[in-house]
Amino acid sequence: MINSYASLDDAGVAVAAARAGADVVRNMYGQRLTRIDKGAGDFATAADVEAEQTILDVIRAARPDDAVLGEEGGQRGAADVVRQWLVDPLCGTLNYAVGNMLVAVNVALRNGAAAVADPFSGEVFFTDGETAWVRHDGVDEKLTPTPATQLVDVNLDPPFPSAPGFRAVDLLAHPGFVERFRPRVVSTTLALAWVAAGKRAAYVTDGGDLAESVHFAAGIAVCRAAGCVVTGIDGAPIGRAGRGLVVAGDAETHELLMSMIGSRS
(Lines give C-alpha, C1' and ligand atoms only; values in the text may rest on other atoms or scores of the structure.)
Protein backbone atom coordinates (compact mmCIF):
# COMPACT_ATOMS: atom_id res chain seq x y z
CA MET A 1 0.00 0.00 0.00
CA ILE A 2 2.79 2.42 0.86
CA ASN A 3 4.22 2.07 -2.67
CA SER A 4 1.11 3.80 -4.03
CA TYR A 5 2.57 7.07 -2.74
CA ALA A 6 4.94 7.10 -5.73
CA SER A 7 2.02 7.84 -8.07
CA LEU A 8 1.07 11.04 -6.24
CA ASP A 9 2.06 14.53 -7.32
CA ASP A 10 4.05 16.65 -4.86
CA ALA A 11 0.92 18.16 -3.28
CA GLY A 12 -0.46 14.66 -2.83
CA VAL A 13 2.77 13.54 -1.17
CA ALA A 14 2.69 16.54 1.18
CA VAL A 15 -0.93 15.80 2.14
CA ALA A 16 -0.33 12.08 2.59
CA ALA A 17 2.75 12.67 4.73
CA ALA A 18 1.06 15.33 6.89
CA ARG A 19 -2.01 13.16 7.40
CA ALA A 20 0.14 10.15 8.33
CA GLY A 21 1.96 12.24 10.91
CA ALA A 22 -1.33 13.66 12.19
CA ASP A 23 -2.68 10.13 12.69
CA VAL A 24 0.27 9.35 14.97
CA VAL A 25 -0.15 12.58 16.92
CA ARG A 26 -3.87 11.98 17.41
CA ASN A 27 -3.47 8.33 18.37
CA MET A 28 -0.78 9.07 20.97
CA TYR A 29 -2.65 12.01 22.50
CA GLY A 30 -3.32 11.69 26.21
CA GLN A 31 -0.69 9.01 26.80
CA ARG A 32 2.12 9.42 29.31
CA LEU A 33 4.92 10.18 26.88
CA THR A 34 8.68 10.23 27.27
CA ARG A 35 10.13 13.74 27.03
CA ILE A 36 13.41 14.34 25.23
CA ASP A 37 15.23 17.41 26.55
CA LYS A 38 16.50 19.74 23.80
CA GLY A 39 17.88 22.43 26.10
CA ALA A 40 16.77 25.99 26.93
CA GLY A 41 13.43 24.69 28.18
CA ASP A 42 12.57 23.03 24.86
CA PHE A 43 11.72 19.37 24.53
CA ALA A 44 10.25 16.77 22.21
CA THR A 45 7.99 13.86 23.05
CA ALA A 46 7.87 10.32 21.76
CA ALA A 47 4.96 11.47 19.58
CA ASP A 48 7.17 14.05 17.84
CA VAL A 49 9.74 11.38 17.04
CA GLU A 50 7.27 8.72 15.89
CA ALA A 51 5.29 11.19 13.78
CA GLU A 52 8.46 12.38 12.05
CA GLN A 53 9.51 8.82 11.28
CA THR A 54 6.07 8.09 9.81
CA ILE A 55 6.25 11.23 7.65
CA LEU A 56 9.75 10.26 6.53
CA ASP A 57 8.51 6.80 5.53
CA VAL A 58 5.89 8.36 3.25
CA ILE A 59 8.39 10.74 1.63
CA ARG A 60 10.95 7.97 1.14
CA ALA A 61 8.35 5.75 -0.52
CA ALA A 62 7.13 8.54 -2.78
CA ARG A 63 10.35 10.45 -3.50
CA PRO A 64 13.34 8.26 -2.50
CA ASP A 65 15.91 10.64 -4.02
CA ASP A 66 14.72 13.74 -2.15
CA ALA A 67 16.44 15.14 0.95
CA VAL A 68 14.58 15.79 4.20
CA LEU A 69 15.24 18.25 7.02
CA GLY A 70 13.30 17.19 10.10
CA GLU A 71 12.77 19.04 13.37
CA GLU A 72 13.77 15.96 15.35
CA GLY A 73 16.04 13.93 13.05
CA GLY A 74 17.91 16.75 11.34
CA GLN A 75 19.27 16.54 7.82
CA ARG A 76 18.85 13.38 5.77
CA GLY A 77 20.44 13.55 2.35
CA ALA A 78 22.51 16.39 0.89
CA ALA A 79 21.52 19.81 2.21
CA ASP A 80 22.25 21.58 -1.09
CA VAL A 81 19.94 19.53 -3.31
CA VAL A 82 17.12 21.23 -5.20
CA ARG A 83 14.41 19.00 -3.73
CA GLN A 84 14.34 19.09 0.05
CA TRP A 85 11.36 18.47 2.33
CA LEU A 86 11.01 20.49 5.55
CA VAL A 87 9.21 18.60 8.30
CA ASP A 88 7.88 19.70 11.68
CA PRO A 89 6.02 16.62 12.94
CA LEU A 90 4.36 18.31 15.92
CA CYS A 91 4.26 22.09 16.13
CA GLY A 92 2.92 22.98 19.57
CA THR A 93 4.68 20.28 21.57
CA LEU A 94 4.14 22.04 24.90
CA ASN A 95 0.44 22.43 24.12
CA TYR A 96 0.25 18.73 23.28
CA ALA A 97 2.19 17.60 26.35
CA VAL A 98 -0.24 19.36 28.70
CA GLY A 99 -3.36 18.08 26.97
CA ASN A 100 -4.07 21.03 24.67
CA MET A 101 -5.15 20.06 21.14
CA LEU A 102 -3.81 23.20 19.42
CA VAL A 103 -1.06 21.62 17.34
CA ALA A 104 -0.07 21.23 13.71
CA VAL A 105 1.86 18.83 11.50
CA ASN A 106 3.89 20.69 8.84
CA VAL A 107 5.33 19.21 5.65
CA ALA A 108 6.73 21.39 2.87
CA LEU A 109 8.79 20.83 -0.28
CA ARG A 110 11.17 23.77 -0.43
CA ASN A 111 9.78 26.27 -2.97
CA GLY A 112 6.96 23.88 -3.82
CA ALA A 113 4.00 21.96 -2.45
CA ALA A 114 3.13 21.99 1.24
CA ALA A 115 0.55 20.76 3.75
CA VAL A 116 -0.46 21.67 7.29
CA ALA A 117 -2.58 19.07 9.09
CA ASP A 118 -4.72 19.62 12.17
CA PRO A 119 -4.73 16.19 13.85
CA PHE A 120 -7.89 16.88 15.84
CA SER A 121 -10.19 18.72 13.42
CA GLY A 122 -9.19 16.44 10.55
CA GLU A 123 -8.49 19.44 8.30
CA VAL A 124 -5.50 19.50 5.97
CA PHE A 125 -4.53 22.87 4.48
CA PHE A 126 -2.41 22.37 1.39
CA THR A 127 -1.00 23.89 -1.79
CA ASP A 128 0.58 22.76 -5.02
CA GLY A 129 2.62 25.96 -4.98
CA GLU A 130 0.05 27.98 -6.90
CA THR A 131 -3.39 27.43 -5.35
CA ALA A 132 -4.38 26.57 -1.78
CA TRP A 133 -7.20 24.37 -0.46
CA VAL A 134 -8.46 22.80 2.73
CA ARG A 135 -9.49 19.13 2.69
CA HIS A 136 -12.01 17.93 5.24
CA ASP A 137 -14.05 14.73 5.14
CA GLY A 138 -12.76 14.07 1.62
CA VAL A 139 -13.95 17.43 0.25
CA ASP A 140 -11.55 20.11 -1.04
CA GLU A 141 -12.44 23.79 -0.78
CA LYS A 142 -10.33 26.67 -2.06
CA LEU A 143 -8.93 28.81 0.74
CA THR A 144 -10.17 32.39 0.87
CA PRO A 145 -8.43 34.69 3.36
CA THR A 146 -10.44 37.52 4.92
CA PRO A 147 -9.86 39.91 7.84
CA ALA A 148 -13.52 39.64 8.91
CA THR A 149 -12.82 37.87 12.21
CA GLN A 150 -10.47 40.68 13.37
CA LEU A 151 -8.59 38.00 15.33
CA VAL A 152 -4.79 38.33 15.20
CA ASP A 153 -2.47 35.63 16.49
CA VAL A 154 0.73 36.98 18.01
CA ASN A 155 3.52 34.54 18.82
CA LEU A 156 4.94 35.29 22.26
CA ASP A 157 7.40 32.39 22.36
CA PRO A 158 11.14 33.25 22.45
CA PRO A 159 13.57 33.99 20.94
CA PHE A 160 13.06 37.73 20.37
CA PRO A 161 15.95 38.74 18.09
CA SER A 162 14.42 42.09 17.18
CA ALA A 163 14.08 43.34 20.78
CA PRO A 164 14.12 46.01 22.03
CA GLY A 165 13.18 47.54 18.67
CA PHE A 166 10.25 45.17 18.31
CA ARG A 167 8.53 43.22 21.05
CA ALA A 168 5.41 41.28 20.18
CA VAL A 169 3.94 41.95 23.61
CA ASP A 170 4.16 45.70 22.93
CA LEU A 171 2.00 45.28 19.84
CA LEU A 172 -0.79 43.90 22.01
CA ALA A 173 -0.75 47.09 24.08
CA HIS A 174 -0.82 49.44 21.10
CA PRO A 175 -3.98 51.61 21.29
CA GLY A 176 -4.73 51.01 17.60
CA PHE A 177 -4.44 47.27 18.03
CA VAL A 178 -6.78 47.23 20.99
CA GLU A 179 -9.30 49.34 19.09
CA ARG A 180 -9.30 47.29 15.88
CA PHE A 181 -8.25 43.70 16.67
CA ARG A 182 -8.60 40.96 19.26
CA PRO A 183 -5.42 39.07 20.18
CA ARG A 184 -4.99 35.32 20.20
CA VAL A 185 -1.97 33.29 21.28
CA VAL A 186 -2.17 29.63 20.29
CA SER A 187 1.57 28.82 20.24
CA THR A 188 1.47 26.75 17.06
CA THR A 189 1.90 27.58 13.39
CA LEU A 190 -1.55 26.13 12.77
CA ALA A 191 -2.53 29.79 13.18
CA LEU A 192 -0.79 30.56 9.86
CA ALA A 193 -3.08 28.17 8.01
CA TRP A 194 -6.02 29.80 9.78
CA VAL A 195 -5.10 33.14 8.17
CA ALA A 196 -5.26 31.48 4.75
CA ALA A 197 -8.63 29.98 5.68
CA GLY A 198 -10.12 33.25 6.94
CA LYS A 199 -10.25 32.01 10.55
CA ARG A 200 -7.73 34.67 11.53
CA ALA A 201 -7.15 38.16 10.16
CA ALA A 202 -3.40 38.01 10.65
CA TYR A 203 -0.42 36.37 12.32
CA VAL A 204 2.67 38.11 13.74
CA THR A 205 5.93 36.65 15.04
CA ASP A 206 9.47 37.81 15.63
CA GLY A 207 12.37 35.73 14.33
CA GLY A 208 15.06 35.60 11.69
CA ASP A 209 14.79 33.90 8.31
CA LEU A 210 11.58 31.87 8.60
CA ALA A 211 11.07 31.15 4.89
CA GLU A 212 12.88 27.81 5.08
CA SER A 213 12.16 26.99 8.71
CA VAL A 214 10.68 23.56 9.36
CA HIS A 215 8.19 25.30 11.65
CA PHE A 216 6.98 27.96 9.21
CA ALA A 217 7.67 26.86 5.62
CA ALA A 218 4.44 24.91 5.11
CA GLY A 219 2.21 27.63 6.58
CA ILE A 220 3.95 30.34 4.58
CA ALA A 221 3.51 28.37 1.36
CA VAL A 222 -0.20 27.85 2.02
CA CYS A 223 -0.71 31.53 2.86
CA ARG A 224 1.11 32.74 -0.22
CA ALA A 225 -0.86 30.45 -2.50
CA ALA A 226 -4.10 31.59 -0.89
CA GLY A 227 -3.28 35.22 -1.66
CA CYS A 228 -2.31 36.48 1.80
CA VAL A 229 0.11 39.38 2.23
CA VAL A 230 3.38 37.94 3.57
CA THR A 231 6.38 40.01 4.74
CA GLY A 232 8.82 40.31 7.60
CA ILE A 233 8.11 42.56 10.59
CA ASP A 234 10.12 45.24 8.76
CA GLY A 235 7.83 45.03 5.74
CA ALA A 236 10.54 43.49 3.58
CA PRO A 237 10.20 40.19 1.71
CA ILE A 238 11.02 37.20 3.89
CA GLY A 239 14.27 35.42 3.11
CA ARG A 240 17.84 35.06 4.31
CA ALA A 241 17.96 38.64 5.61
CA GLY A 242 14.39 38.50 6.90
CA ARG A 243 13.10 39.60 10.28
CA GLY A 244 10.15 37.63 11.57
CA LEU A 245 6.80 37.39 9.87
CA VAL A 246 3.61 39.35 9.33
CA VAL A 247 0.90 37.48 7.40
CA ALA A 248 -2.44 39.18 6.80
CA GLY A 249 -5.65 38.28 5.03
CA ASP A 250 -5.65 41.53 3.05
CA ALA A 251 -3.47 44.54 2.29
CA GLU A 252 -5.37 46.93 4.57
CA THR A 253 -4.89 44.73 7.63
CA HIS A 254 -1.23 44.26 6.77
CA GLU A 255 -0.65 48.00 6.36
CA LEU A 256 -2.39 48.74 9.65
CA LEU A 257 -0.29 46.20 11.54
CA MET A 258 2.89 47.47 9.93
CA SER A 259 2.06 51.03 11.02
CA MET A 260 1.65 49.82 14.61
CA ILE A 261 4.85 47.80 14.49
CA GLY A 262 6.72 50.75 12.98
CA SER A 263 5.56 53.08 15.71
CA ARG A 264 7.08 50.72 18.30
CA SER A 265 10.31 49.83 16.49
# chains A, B, ... in the order shown; residues from 1 in each chain; ligands from 1

$ residues_around --residues "Phe166 in chain A" --least-positions-apart "2" --cutoff "9 Å" --atoms "only C-alpha atoms" --output "list in words"
Phe160, Pro161, Ser162, Ala163, Pro164, Ala168, Val169, Asp170, Leu171, Asp206, Ile233, Ile261, Gly262, Arg264 and Ser265 of chain A

$ write_last_selection --atoms "all heavy atoms" --output "mmCIF file, in the first residue's frame"
data_model
loop_
_atom_site.group_PDB
_atom_site.id
_atom_site.type_symbol
_atom_site.label_atom_id
_atom_site.label_comp_id
_atom_site.auth_asym_id
_atom_site.auth_seq_id
_atom_site.Cartn_x
_atom_site.Cartn_y
_atom_site.Cartn_z
ATOM 1 N N PHE A 160 13.518 36.419 20.812
ATOM 2 C CA PHE A 160 13.061 37.726 20.367
ATOM 3 C C PHE A 160 14.246 38.510 19.795
ATOM 4 O O PHE A 160 14.731 39.468 20.412
ATOM 5 C CB PHE A 160 12.431 38.494 21.529
ATOM 6 C CG PHE A 160 11.385 37.694 22.281
ATOM 7 C CD1 PHE A 160 11.582 37.344 23.606
ATOM 8 C CD2 PHE A 160 10.221 37.285 21.647
ATOM 9 C CE1 PHE A 160 10.625 36.615 24.299
ATOM 10 C CE2 PHE A 160 9.256 36.546 22.334
ATOM 11 C CZ PHE A 160 9.463 36.209 23.659
ATOM 12 N N PRO A 161 14.733 38.123 18.629
ATOM 13 C CA PRO A 161 15.951 38.736 18.091
ATOM 14 C C PRO A 161 15.818 40.207 17.747
ATOM 15 O O PRO A 161 16.833 40.904 17.636
ATOM 16 C CB PRO A 161 16.235 37.897 16.834
ATOM 17 C CG PRO A 161 14.921 37.338 16.446
ATOM 18 C CD PRO A 161 14.209 37.076 17.733
ATOM 19 N N SER A 162 14.604 40.691 17.562
ATOM 20 C CA SER A 162 14.422 42.092 17.181
ATOM 21 C C SER A 162 14.246 43.026 18.367
ATOM 22 O O SER A 162 14.132 44.241 18.190
ATOM 23 C CB SER A 162 13.219 42.231 16.237
ATOM 24 O OG SER A 162 13.421 41.479 15.066
ATOM 25 N N ALA A 163 14.202 42.500 19.589
ATOM 26 C CA ALA A 163 14.081 43.340 20.781
ATOM 27 C C ALA A 163 15.388 44.109 21.003
ATOM 28 O O ALA A 163 16.472 43.612 20.669
ATOM 29 C CB ALA A 163 13.761 42.480 21.997
ATOM 30 N N PRO A 164 15.317 45.322 21.534
ATOM 31 C CA PRO A 164 14.119 46.009 22.033
ATOM 32 C C PRO A 164 13.351 46.784 20.963
ATOM 33 O O PRO A 164 12.323 47.370 21.259
ATOM 34 C CB PRO A 164 14.695 46.965 23.077
ATOM 35 C CG PRO A 164 16.031 47.326 22.527
ATOM 36 C CD PRO A 164 16.545 46.068 21.857
ATOM 37 N N ALA A 168 6.775 41.654 20.529
ATOM 38 C CA ALA A 168 5.407 41.277 20.181
ATOM 39 C C ALA A 168 4.418 41.689 21.259
ATOM 40 O O ALA A 168 3.294 42.098 20.974
ATOM 41 C CB ALA A 168 5.332 39.771 19.940
ATOM 42 N N VAL A 169 4.844 41.603 22.521
ATOM 43 C CA VAL A 169 3.940 41.945 23.606
ATOM 44 C C VAL A 169 3.563 43.428 23.566
ATOM 45 O O VAL A 169 2.464 43.816 23.968
ATOM 46 C CB VAL A 169 4.570 41.575 24.973
ATOM 47 C CG1 VAL A 169 5.774 42.446 25.280
ATOM 48 C CG2 VAL A 169 3.536 41.634 26.076
ATOM 49 N N ASP A 170 4.463 44.280 23.054
ATOM 50 C CA ASP A 170 4.155 45.703 22.934
ATOM 51 C C ASP A 170 3.050 45.952 21.914
ATOM 52 O O ASP A 170 2.237 46.868 22.070
ATOM 53 C CB ASP A 170 5.402 46.492 22.540
ATOM 54 C CG ASP A 170 6.453 46.525 23.640
ATOM 55 O OD1 ASP A 170 6.074 46.326 24.808
ATOM 56 O OD2 ASP A 170 7.640 46.738 23.325
ATOM 57 N N LEU A 171 3.038 45.133 20.855
ATOM 58 C CA LEU A 171 2.000 45.284 19.840
ATOM 59 C C LEU A 171 0.616 45.091 20.455
ATOM 60 O O LEU A 171 -0.338 45.793 20.106
ATOM 61 C CB LEU A 171 2.219 44.263 18.717
ATOM 62 C CG LEU A 171 1.189 44.250 17.586
ATOM 63 C CD1 LEU A 171 1.166 45.592 16.848
ATOM 64 C CD2 LEU A 171 1.485 43.113 16.611
ATOM 65 N N ASP A 206 8.089 37.394 15.782
ATOM 66 C CA ASP A 206 9.474 37.805 15.625
ATOM 67 C C ASP A 206 10.261 36.601 15.120
ATOM 68 O O ASP A 206 9.741 35.483 15.036
ATOM 69 C CB ASP A 206 10.021 38.307 16.967
ATOM 70 C CG ASP A 206 11.299 39.125 16.815
ATOM 71 O OD1 ASP A 206 11.792 39.291 15.679
ATOM 72 O OD2 ASP A 206 11.813 39.601 17.848
ATOM 73 N N ILE A 233 8.641 41.515 9.720
ATOM 74 C CA ILE A 233 8.111 42.560 10.593
ATOM 75 C C ILE A 233 8.627 43.938 10.193
ATOM 76 O O ILE A 233 8.111 44.960 10.661
ATOM 77 C CB ILE A 233 8.437 42.297 12.070
ATOM 78 C CG1 ILE A 233 9.956 42.205 12.287
ATOM 79 C CG2 ILE A 233 7.730 41.049 12.568
ATOM 80 C CD1 ILE A 233 10.354 42.149 13.749
ATOM 81 N N ILE A 261 3.534 48.344 14.225
ATOM 82 C CA ILE A 261 4.854 47.796 14.488
ATOM 83 C C ILE A 261 5.918 48.877 14.305
ATOM 84 O O ILE A 261 6.833 49.025 15.102
ATOM 85 C CB ILE A 261 5.146 46.595 13.574
ATOM 86 C CG1 ILE A 261 4.247 45.412 13.971
ATOM 87 C CG2 ILE A 261 6.606 46.193 13.627
ATOM 88 C CD1 ILE A 261 4.275 44.267 12.987
ATOM 89 N N GLY A 262 5.750 49.679 13.251
ATOM 90 C CA GLY A 262 6.716 50.752 12.980
ATOM 91 C C GLY A 262 6.754 51.794 14.050
ATOM 92 O O GLY A 262 7.803 52.357 14.382
ATOM 93 N N ARG A 264 6.455 51.277 17.101
ATOM 94 C CA ARG A 264 7.077 50.721 18.304
ATOM 95 C C ARG A 264 8.545 50.370 18.081
ATOM 96 O O ARG A 264 9.266 50.111 19.019
ATOM 97 C CB ARG A 264 6.338 49.446 18.740
ATOM 98 C CG ARG A 264 4.898 49.709 19.194
ATOM 99 C CD ARG A 264 4.852 49.989 20.673
ATOM 100 N NE ARG A 264 3.511 50.331 21.101
ATOM 101 C CZ ARG A 264 3.149 50.487 22.362
ATOM 102 N NH1 ARG A 264 4.035 50.354 23.311
ATOM 103 N NH2 ARG A 264 1.918 50.800 22.681
ATOM 104 N N SER A 265 8.940 50.292 16.791
ATOM 105 C CA SER A 265 10.309 49.831 16.492
ATOM 106 C C SER A 265 11.317 50.956 16.634
ATOM 107 O O SER A 265 10.974 52.117 16.514
ATOM 108 C CB SER A 265 10.349 49.255 15.078
ATOM 109 O OG SER A 265 9.470 48.161 14.981
#

$ closest_atom_pairs --of "range 154-240 of chain A" --to "range 81-100 of chain A" --cutoff "10 Å" --atoms "only C-alpha atoms" --output "CSV"
residue,atom,partner,partner_atom,distance
A:Val186,CA,A:Gly92,CA,8.4
A:Ser187,CA,A:Gly92,CA,6.0
A:Thr188,CA,A:Gly92,CA,4.8
A:Thr189,CA,A:Cys91,CA,6.6
A:Leu190,CA,A:Cys91,CA,7.8
A:Glu212,CA,A:Leu86,CA,7.6
A:Ser213,CA,A:Leu86,CA,7.3
A:Val214,CA,A:Leu86,CA,4.9
A:His215,CA,A:Asp88,CA,5.6
A:Phe216,CA,A:Asp88,CA,8.7
A:Ala217,CA,A:Leu86,CA,7.2
A:Ala218,CA,A:Leu86,CA,7.9

$ write_last_selection --atoms "all heavy atoms" --output "mmCIF file, in the first residue's frame"
data_model
loop_
_atom_site.group_PDB
_atom_site.id
_atom_site.type_symbol
_atom_site.label_atom_id
_atom_site.label_comp_id
_atom_site.auth_asym_id
_atom_site.auth_seq_id
_atom_site.Cartn_x
_atom_site.Cartn_y
_atom_site.Cartn_z
ATOM 1 N N VAL A 186 -1.940 31.073 20.276
ATOM 2 C CA VAL A 186 -2.172 29.628 20.289
ATOM 3 C C VAL A 186 -0.879 28.823 20.344
ATOM 4 O O VAL A 186 -0.899 27.631 20.574
ATOM 5 C CB VAL A 186 -3.006 29.176 19.064
ATOM 6 C CG1 VAL A 186 -4.327 29.904 19.029
ATOM 7 C CG2 VAL A 186 -2.249 29.365 17.767
ATOM 8 N N SER A 187 0.264 29.475 20.120
ATOM 9 C CA SER A 187 1.572 28.821 20.238
ATOM 10 C C SER A 187 1.704 27.603 19.335
ATOM 11 O O SER A 187 2.193 26.557 19.740
ATOM 12 C CB SER A 187 1.855 28.435 21.698
ATOM 13 O OG SER A 187 1.920 29.580 22.508
ATOM 14 N N THR A 188 1.247 27.744 18.104
ATOM 15 C CA THR A 188 1.468 26.750 17.063
ATOM 16 C C THR A 188 1.273 27.420 15.719
ATOM 17 O O THR A 188 0.447 28.333 15.589
ATOM 18 C CB THR A 188 0.512 25.549 17.190
ATOM 19 O OG1 THR A 188 0.622 24.727 16.018
ATOM 20 C CG2 THR A 188 -0.931 26.003 17.309
ATOM 21 N N THR A 189 2.019 26.980 14.721
ATOM 22 C CA THR A 189 1.898 27.579 13.391
ATOM 23 C C THR A 189 0.623 27.154 12.669
ATOM 24 O O THR A 189 0.411 27.552 11.523
ATOM 25 C CB THR A 189 3.124 27.248 12.529
ATOM 26 O OG1 THR A 189 3.332 25.828 12.527
ATOM 27 C CG2 THR A 189 4.366 27.942 13.064
ATOM 28 N N LEU A 190 -0.222 26.377 13.315
ATOM 29 C CA LEU A 190 -1.552 26.130 12.773
ATOM 30 C C LEU A 190 -2.252 27.462 12.513
ATOM 31 O O LEU A 190 -3.055 27.589 11.586
ATOM 32 C CB LEU A 190 -2.362 25.278 13.747
ATOM 33 C CG LEU A 190 -3.796 24.915 13.350
ATOM 34 C CD1 LEU A 190 -3.809 24.085 12.072
ATOM 35 C CD2 LEU A 190 -4.480 24.162 14.487
ATOM 36 N N GLU A 212 12.512 29.205 5.235
ATOM 37 C CA GLU A 212 12.883 27.807 5.082
ATOM 38 C C GLU A 212 12.984 27.111 6.433
ATOM 39 O O GLU A 212 13.707 26.134 6.598
ATOM 40 C CB GLU A 212 14.191 27.688 4.294
ATOM 41 C CG GLU A 212 14.052 28.207 2.864
ATOM 42 C CD GLU A 212 15.269 27.924 2.006
ATOM 43 O OE1 GLU A 212 16.217 27.283 2.499
ATOM 44 O OE2 GLU A 212 15.261 28.334 0.841
ATOM 45 N N SER A 213 12.230 27.612 7.394
ATOM 46 C CA SER A 213 12.159 26.986 8.711
ATOM 47 C C SER A 213 11.210 25.799 8.667
ATOM 48 O O SER A 213 10.138 25.875 8.054
ATOM 49 C CB SER A 213 11.664 28.015 9.739
ATOM 50 O OG SER A 213 11.170 27.392 10.894
ATOM 51 N N VAL A 214 11.584 24.719 9.325
ATOM 52 C CA VAL A 214 10.683 23.558 9.362
ATOM 53 C C VAL A 214 9.362 23.920 10.036
ATOM 54 O O VAL A 214 8.323 23.330 9.759
ATOM 55 C CB VAL A 214 11.333 22.356 10.083
ATOM 56 C CG1 VAL A 214 12.533 21.845 9.311
ATOM 57 C CG2 VAL A 214 11.715 22.693 11.519
ATOM 58 N N HIS A 215 9.395 24.900 10.941
ATOM 59 C CA HIS A 215 8.185 25.301 11.650
ATOM 60 C C HIS A 215 7.241 26.113 10.754
ATOM 61 O O HIS A 215 6.021 25.980 10.848
ATOM 62 C CB HIS A 215 8.532 26.151 12.873
ATOM 63 C CG HIS A 215 9.520 25.524 13.795
ATOM 64 N ND1 HIS A 215 9.240 24.409 14.545
ATOM 65 C CD2 HIS A 215 10.809 25.845 14.086
ATOM 66 C CE1 HIS A 215 10.299 24.072 15.263
ATOM 67 N NE2 HIS A 215 11.258 24.928 15.006
ATOM 68 N N PHE A 216 7.792 26.966 9.910
ATOM 69 C CA PHE A 216 6.985 27.961 9.213
ATOM 70 C C PHE A 216 6.809 27.734 7.717
ATOM 71 O O PHE A 216 5.892 28.283 7.117
ATOM 72 C CB PHE A 216 7.599 29.354 9.423
ATOM 73 C CG PHE A 216 7.479 29.859 10.830
ATOM 74 C CD1 PHE A 216 8.498 29.638 11.752
ATOM 75 C CD2 PHE A 216 6.360 30.549 11.254
ATOM 76 C CE1 PHE A 216 8.392 30.095 13.061
ATOM 77 C CE2 PHE A 216 6.238 31.013 12.551
ATOM 78 C CZ PHE A 216 7.259 30.784 13.461
ATOM 79 N N ALA A 217 7.675 26.958 7.083
ATOM 80 C CA ALA A 217 7.675 26.864 5.618
ATOM 81 C C ALA A 217 6.329 26.423 5.054
ATOM 82 O O ALA A 217 5.848 26.991 4.066
ATOM 83 C CB ALA A 217 8.780 25.913 5.155
ATOM 84 N N ALA A 218 5.706 25.418 5.650
ATOM 85 C CA ALA A 218 4.437 24.912 5.114
ATOM 86 C C ALA A 218 3.340 25.967 5.231
ATOM 87 O O ALA A 218 2.592 26.216 4.277
ATOM 88 C CB ALA A 218 4.022 23.635 5.844
#

$ closest_residue --among "A:Gly77, A:Pro147, A:Gly21, A:Gly239" --to "Ala117 in chain A" --atoms "only C-alpha atoms"
A:Gly21

$ select_by_dssp --residues "range 14-183 of chain A" --states "strand (DSSP E)" --output "VMD selection string"
chain A and resid 35 to 39 42 to 45 67 to 70 74 to 76 84 to 91 104 to 109 114 to 117 124 to 127 132 to 136 139 to 142 151 to 154 182 to 183

$ residues_around --residues "Ala248 in chain A" --least-positions-apart "2" --cutoff "6 Å" --atoms "only C-alpha atoms" --output "list of chain:residue names"
A:Ala201, A:Ala202, A:Cys228, A:Val229, A:Asp250, A:His254

$ closest_residue --among "A:Pro159, A:Gly207, A:Gly249, A:Pro119" --to "Asn27 in chain A" --atoms "only C-alpha atoms"
A:Pro119

$ atom_distance --atom1 "CA of Ser7 in chain A" --atom2 "CA of Val58 in chain A"
12.0 Å

$ residues_around --residues "Gly112 in chain A" --least-positions-apart "2" --cutoff "9 Å" --atoms "only C-alpha atoms" --output "ChimeraX atom specification"
/A:10-11,83,108-110,114,127-130,221

$ residues_around --residues "Thr149 in chain A" --least-positions-apart "4" --cutoff "8 Å" --atoms "only C-alpha atoms" --output "list in words"
Gly198, Lys199, Arg200 and Ala201 of chain A

$ residues_around --residues "Glu50 in chain A" --least-positions-apart "2" --cutoff "12 Å" --atoms "only C-alpha atoms" --output "VMD selection string"
chain A and resid 20 to 28 33 to 34 44 to 48 52 to 57 70 to 73 88 to 90

$ closest_residue --among "A:Trp194, A:Phe43, A:Phe120, A:Phe125" --to "Val139 in chain A" --atoms "only C-alpha atoms"
A:Phe125

$ residues_around --residues "Gly242 in chain A" --least-positions-apart "5" --cutoff "6 Å" --atoms "only C-alpha atoms" --output "list in words"
Gly208, Asp209 and Gly232 of chain A

$ write_last_selection --atoms "N, CA, C and O atoms" --output "PDB file, in the first residue's frame"
ATOM      1  N   GLY A 208      14.119  35.287  12.754  1.00  0.00           N
ATOM      2  CA  GLY A 208      15.056  35.597  11.685  1.00  0.00           C
ATOM      3  C   GLY A 208      14.474  35.187  10.346  1.00  0.00           C
ATOM      4  O   GLY A 208      13.361  35.540  10.000  1.00  0.00           O
ATOM      5  N   ASP A 209      15.252  34.405   9.605  1.00  0.00           N
ATOM      6  CA  ASP A 209      14.794  33.896   8.313  1.00  0.00           C
ATOM      7  C   ASP A 209      13.862  32.711   8.559  1.00  0.00           C
ATOM      8  O   ASP A 209      14.297  31.639   8.957  1.00  0.00           O
ATOM      9  N   GLY A 232       8.206  40.311   6.292  1.00  0.00           N
ATOM     10  CA  GLY A 232       8.818  40.314   7.604  1.00  0.00           C
ATOM     11  C   GLY A 232       8.215  41.413   8.458  1.00  0.00           C
ATOM     12  O   GLY A 232       7.392  42.211   7.979  1.00  0.00           O
TER      13      GLY A 232
END

$ select_by_dssp --residues "range 24-78 of chain A" --states "alpha helix (DSSP H)" --output "VMD selection string"
chain A and resid 24 to 28 46 to 62
